[in-house]
Amino acid sequence: MSSPETPAAALMPSIGERESARRVRRSSIKTTLIFWSFVAPLMLGLILFFFVPIIWSIVLSFSEARAVILPTGFAGLRNYRDLLQDQQFTSSLLTFTIFAFFIVPTTFLCALGLALLVNSAKFAQGFFRSVFFLPTACSYVLASIVWKMSIFNGTRYGLANAILHLFNLDPVQWISSPNPPWYWLVLVTVRLWLQLGMYMIIFIAGLQEIPRELYEAALVDGAKRGWQTFWYITVPQLRNTSIAILLLNIIAAYQAFDEFWNIMSGGNQSLLRTPLMYLYNVALGSQDYGLGSAGAMILTIIIIFFTLLQGRLLGFGRSN
Amino acid sequence: MSTSVVRPAPRVTLKKALLTTLHYGVLIVLALLFLLPFYLIVRNGLATEQEITSPNWTFFPSALHFENIGELFSDSEVPFSDGMVNSALIAFLQTVGQILISLLAGYGLARVPYRYANQVFYTILLTLMIPSAVIYVPTYVVVSYLGWLSTLQGLVVPGIFSGFTTFLFRQFFLSFPRELEEAGRVDGLGYWGTFWRIVVPNSYGIIAALSVITFIQSWNAFLWPFVVGQDRTAWTVQVVLSNFLNAQVLNLHELFIGAAVAILPLMVLFFLLQRYIVEGYKQSGLKG
């Protein structure tokens, strides 16, 4: 009998040992067909909507393509040079890198804090978890509406300004003031509100997977409940969860568009543009697809670089 | 002597009680902060324009104006009901398409012993490194070449091929009990028969979890619908609200009641299926 570990044999259990090689090849053709009958829809789609766009974009990035999506002439490296010399593009890359470096640890620590607070609650734990998780159902557009038009509205009727008024303070132009750049407060809080719940859930799952015996053993060994057990048991045990969260988080920060677009619209885009917003203006606004493609390629390279770097630094998140 | 023995005990419980109070105090304050934006949507949505823009901010509006809902749906300037229909259709098709395609591919990758299965899997992993938002300009170019701008297929189809969902299903199927599948083989089922009759019926949990998450993400998506759905008729509800938010003339009570209506379907989903949503995020977080 065939062993259960080799599914090829399980496919045709009736094949005897002495069957000819022809028969075996036939089964491998059959296996190939079966495999592709499962995987082909996905692969065709990925080819058409992932690989073809990237290749097309590489071609366009070295071409003239204004108002048309097919190359009209060879441009060499000009698109790349123009982009890297455009201060709008380089400053948006820089700002967005700073943003990623700030928002990632902030989200990480807040989510961990929230998870610890909720996970150690003995009463109404499910209620608090649901409340903090609820904003993940909200879209960035919706949150932008609340943050821009209600909480951080620059007029007297904005909630933040109404609170300032209670203390006899002047209203603040939260979004349109270039200096101090209060708009960062608006953008960071909106992102935290939307995302913390999801990361908190992942952390809670991680916390609940830590075996209780570890804590009991530590207490028997004389460790103090609190910081000591947290530092020597909880933190190391959360390593994999942490890596997963950091990766998810960085990738999310790199795609910033929705809330930035909706909050900074109406003349305030000059204060702050994410790279994807810049690309929108170039490719869909000015219809320069060569330039837009070059920008998409530069971004892609940066993201691959960070993903690989992070994978290398963190040992790619595998425990063994 | 006897007092010194008794004394430390209440001190410890007092400290503990203080800590518990502080713990719940922080939790309650945070919970109220997290709920505030939802309250503001409803408050502004059911208030009059004068009340929203009054310089004297009040927590509760003086009366609830449910007629704002009717006003929103009959406002010819804002294609709100079209947006809701478009969003529902797109989110539904995208969820069904993405789950079906990923389910099939995940199973094939996990179980069919094809010689190049690993190479195919690595190719799919490659697509995980580059988020679709980052290459939206290249994808837009291809979709516009196909003549799919402002069409249903342009809005739906590019989003149904997900390397990530496939990856999650593959991981799930790798740990699927083989004995169940072999029982099917013994009964004379091929790969397809085993898949539909045995594997899928035993995977409803993960299918439900990933479906709900896909639906939520699709309903809330902004960048792709905004870029591809250029005609008013192709706007999703998020694009409608975004255009409304950025319009020259503002109509805040309508904007906010629109936001409230747009999130209503997801709130219903959340209360009914929270277990699956939590499960889905756990899966996608831990296995990512």
# chains A, B, ... in the order shown; residues from 1 in each chain; ligands from 1
call {"tool": "interface_residues", "arguments": {"of": "chain A", "to": "chain B", "cutoff": "7 Å", "atoms": "only C-alpha atoms", "output": "JSON, numbers by chain"}}
result
{"A": [7, 8, 31, 32, 35, 38, 39, 41, 42, 45, 46, 49, 53, 54, 57, 69, 128, 131, 132, 137, 138, 139, 141, 142, 145, 146, 156, 157, 162, 193, 198, 201, 202, 205, 241, 244, 245, 255, 258, 262, 265, 266, 283, 292, 293, 296, 300, 304]}
call {"tool": "write_last_selection", "arguments": {"atoms": "C-alpha atoms", "output": "mmCIF file, in the first residue's frame"}}
result
data_model
loop_
_atom_site.group_PDB
_atom_site.id
_atom_site.type_symbol
_atom_site.label_atom_id
_atom_site.label_comp_id
_atom_site.auth_asym_id
_atom_site.auth_seq_id
_atom_site.Cartn_x
_atom_site.Cartn_y
_atom_site.Cartn_z
ATOM 1 C CA PRO A 7 -0.357 12.184 -2.067
ATOM 2 C CA ALA A 8 0.763 11.373 -5.645
ATOM 3 C CA THR A 31 -1.438 16.037 -11.661
ATOM 4 C CA THR A 32 -0.278 19.075 -13.629
ATOM 5 C CA PHE A 35 -2.943 21.617 -10.097
ATOM 6 C CA PHE A 38 -7.077 24.963 -8.977
ATOM 7 C CA VAL A 39 -4.385 27.607 -9.318
ATOM 8 C CA PRO A 41 -7.570 31.566 -12.077
ATOM 9 C CA LEU A 42 -5.370 33.203 -9.457
ATOM 10 C CA GLY A 45 -5.285 37.334 -12.559
ATOM 11 C CA LEU A 46 -1.959 38.039 -10.889
ATOM 12 C CA PHE A 49 -3.142 42.762 -12.741
ATOM 13 C CA PRO A 53 1.302 46.364 -14.848
ATOM 14 C CA ILE A 54 4.765 46.277 -13.305
ATOM 15 C CA SER A 57 5.304 50.468 -15.883
ATOM 16 C CA ILE A 69 -0.674 54.992 -21.892
ATOM 17 C CA PHE A 128 -13.858 46.836 26.211
ATOM 18 C CA VAL A 131 -15.293 49.055 21.891
ATOM 19 C CA PHE A 132 -11.624 49.383 20.944
ATOM 20 C CA ALA A 137 -15.192 48.845 10.764
ATOM 21 C CA CYS A 138 -14.902 52.516 9.898
ATOM 22 C CA SER A 139 -13.471 53.755 6.604
ATOM 23 C CA VAL A 141 -13.146 58.620 4.480
ATOM 24 C CA LEU A 142 -15.651 58.480 7.320
ATOM 25 C CA ILE A 145 -15.128 63.547 7.867
ATOM 26 C CA VAL A 146 -15.347 63.385 11.656
ATOM 27 C CA ARG A 156 -15.285 77.828 16.852
ATOM 28 C CA TYR A 157 -17.695 74.923 16.357
ATOM 29 C CA ALA A 162 -14.834 74.357 21.833
ATOM 30 C CA TRP A 193 -8.178 55.451 16.182
ATOM 31 C CA MET A 198 -6.844 45.507 14.919
ATOM 32 C CA ILE A 201 -6.648 41.998 18.792
ATOM 33 C CA ILE A 202 -3.480 40.448 17.402
ATOM 34 C CA ALA A 205 -4.212 36.630 20.780
ATOM 35 C CA THR A 241 3.433 38.641 17.304
ATOM 36 C CA ALA A 244 4.026 40.377 12.498
ATOM 37 C CA ILE A 245 2.616 43.668 13.784
ATOM 38 C CA GLN A 255 0.325 53.133 1.519
ATOM 39 C CA ASP A 258 -7.037 58.008 1.985
ATOM 40 C CA ASN A 262 -9.434 63.731 2.414
ATOM 41 C CA SER A 265 -7.728 68.543 0.467
ATOM 42 C CA GLY A 266 -8.945 72.014 -0.312
ATOM 43 C CA ALA A 283 -0.368 60.429 -13.430
ATOM 44 C CA GLY A 292 3.975 58.490 -12.803
ATOM 45 C CA SER A 293 5.359 55.055 -13.651
ATOM 46 C CA ALA A 296 5.672 54.024 -8.772
ATOM 47 C CA THR A 300 8.274 49.900 -5.125
ATOM 48 C CA ILE A 304 11.093 46.108 -1.167
#
call {"tool": "residues_around", "arguments": {"residues": "Thr90 in chain A", "least_positions_apart": "5", "cutoff": "12 Å", "atoms": "only C-alpha atoms", "output": "compact mmCIF listing (two decimals) with C-alpha atoms, in the first residue's frame"}}
result
# COMPACT_ATOMS: atom_id res chain seq x y z
CA TYR A 80 13.74 59.35 -12.97
CA ARG A 81 16.03 62.40 -13.04
CA ASP A 82 13.08 64.80 -13.23
CA LEU A 83 11.41 63.11 -10.30
CA LEU A 84 14.46 63.05 -8.07
CA GLN A 85 15.07 66.71 -8.86
CA THR A 95 8.10 63.25 5.08
CA PHE A 96 6.57 59.88 4.53
CA THR A 97 9.68 58.09 5.77
CA ARG A 273 1.55 65.23 0.31
CA THR A 274 2.09 61.50 0.62
CA PRO A 275 4.00 59.87 -2.26
CA TYR A 278 2.03 63.08 -5.56
CA GLY A 295 7.51 57.30 -9.36
CA ILE A 298 10.93 54.24 -7.08
CA LEU A 299 8.33 53.63 -4.38
call {"tool": "residues_around", "arguments": {"residues": "Ser176 in chain A", "least_positions_apart": "6", "cutoff": "9 Å", "atoms": "only C-alpha atoms", "output": "JSON, numbers by chain"}}
result
{"A": [154, 182, 183, 264, 267, 268, 271]}
call {"tool": "write_last_selection", "arguments": {"atoms": "N, CA and C atoms", "output": "PDB file, in the first residue's frame"}}
result
ATOM      1  N   GLY A 154     -11.359  74.015  12.248  1.00  0.00           N
ATOM      2  CA  GLY A 154     -10.630  75.211  12.666  1.00  0.00           C
ATOM      3  C   GLY A 154     -11.514  76.319  13.221  1.00  0.00           C
ATOM      4  N   TRP A 182       0.032  71.551  13.248  1.00  0.00           N
ATOM      5  CA  TRP A 182      -0.955  70.809  14.033  1.00  0.00           C
ATOM      6  C   TRP A 182      -1.588  69.676  13.234  1.00  0.00           C
ATOM      7  N   TYR A 183      -1.524  69.778  11.880  1.00  0.00           N
ATOM      8  CA  TYR A 183      -2.183  68.745  11.069  1.00  0.00           C
ATOM      9  C   TYR A 183      -1.624  67.352  11.361  1.00  0.00           C
ATOM     10  N   MET A 264      -6.351  66.724   3.964  1.00  0.00           N
ATOM     11  CA  MET A 264      -5.535  67.839   3.484  1.00  0.00           C
ATOM     12  C   MET A 264      -6.057  68.445   2.180  1.00  0.00           C
ATOM     13  N   GLY A 267      -6.735  72.919  -0.754  1.00  0.00           N
ATOM     14  CA  GLY A 267      -5.685  73.925  -0.629  1.00  0.00           C
ATOM     15  C   GLY A 267      -4.589  73.587   0.362  1.00  0.00           C
ATOM     16  N   ASN A 268      -4.828  72.580   1.211  1.00  0.00           N
ATOM     17  CA  ASN A 268      -3.809  72.272   2.213  1.00  0.00           C
ATOM     18  C   ASN A 268      -2.841  71.186   1.756  1.00  0.00           C
ATOM     19  N   LEU A 271       0.827  71.677   2.035  1.00  0.00           N
ATOM     20  CA  LEU A 271       1.495  71.489   3.327  1.00  0.00           C
ATOM     21  C   LEU A 271       2.031  70.076   3.453  1.00  0.00           C
TER      22      LEU A 271
END
call {"tool": "atom_distance", "arguments": {"atom1": "CA of Glu209 in chain A", "atom2": "CA of Thr106 in chain A"}}
result
23.8 Å
call {"tool": "select_by_dssp", "arguments": {"residues": "range 165-273 of chain A", "states": "alpha helix (DSSP H)", "output": "ChimeraX atom specification"}}
result
/A:165-166,183-209,212-220,227-229,235-237,239-254,258-264
call {"tool": "closest_residue", "arguments": {"among": "A:Gln269, A:Gln228, A:Ser150, A:Thr107", "to": "Leu192 in chain A", "atoms": "only C-alpha atoms"}}
result
A:Thr107
call {"tool": "closest_residue", "arguments": {"among": "A:Ser270, A:Asn240, A:Gln208, A:Thr189", "to": "Gln87 in chain A", "atoms": "only C-alpha atoms"}}
result
A:Ser270
call {"tool": "residues_around", "arguments": {"residues": "range 196-212 of chain B", "least_positions_apart": "2", "cutoff": "6 Å", "atoms": "only C-alpha atoms", "output": "VMD selection string"}}
result
chain B and resid 95 193 to 194 214 to 215 276 to 277 280
call {"tool": "residues_around", "arguments": {"residues": "range 59-64 of chain A", "least_positions_apart": "5", "cutoff": "8 Å", "atoms": "only C-alpha atoms", "output": "NGL selection string"}}
result
:A and (69-80 or 289-294 or 297)
call {"tool": "atom_distance", "arguments": {"atom1": "CA of Gly285 in chain A", "atom2": "CA of Arg66 in chain A"}}
result
11.2 Å
call {"tool": "atom_distance", "arguments": {"atom1": "CA of Ala160 in chain A", "atom2": "CA of Val190 in chain A"}}
result
13.9 Å
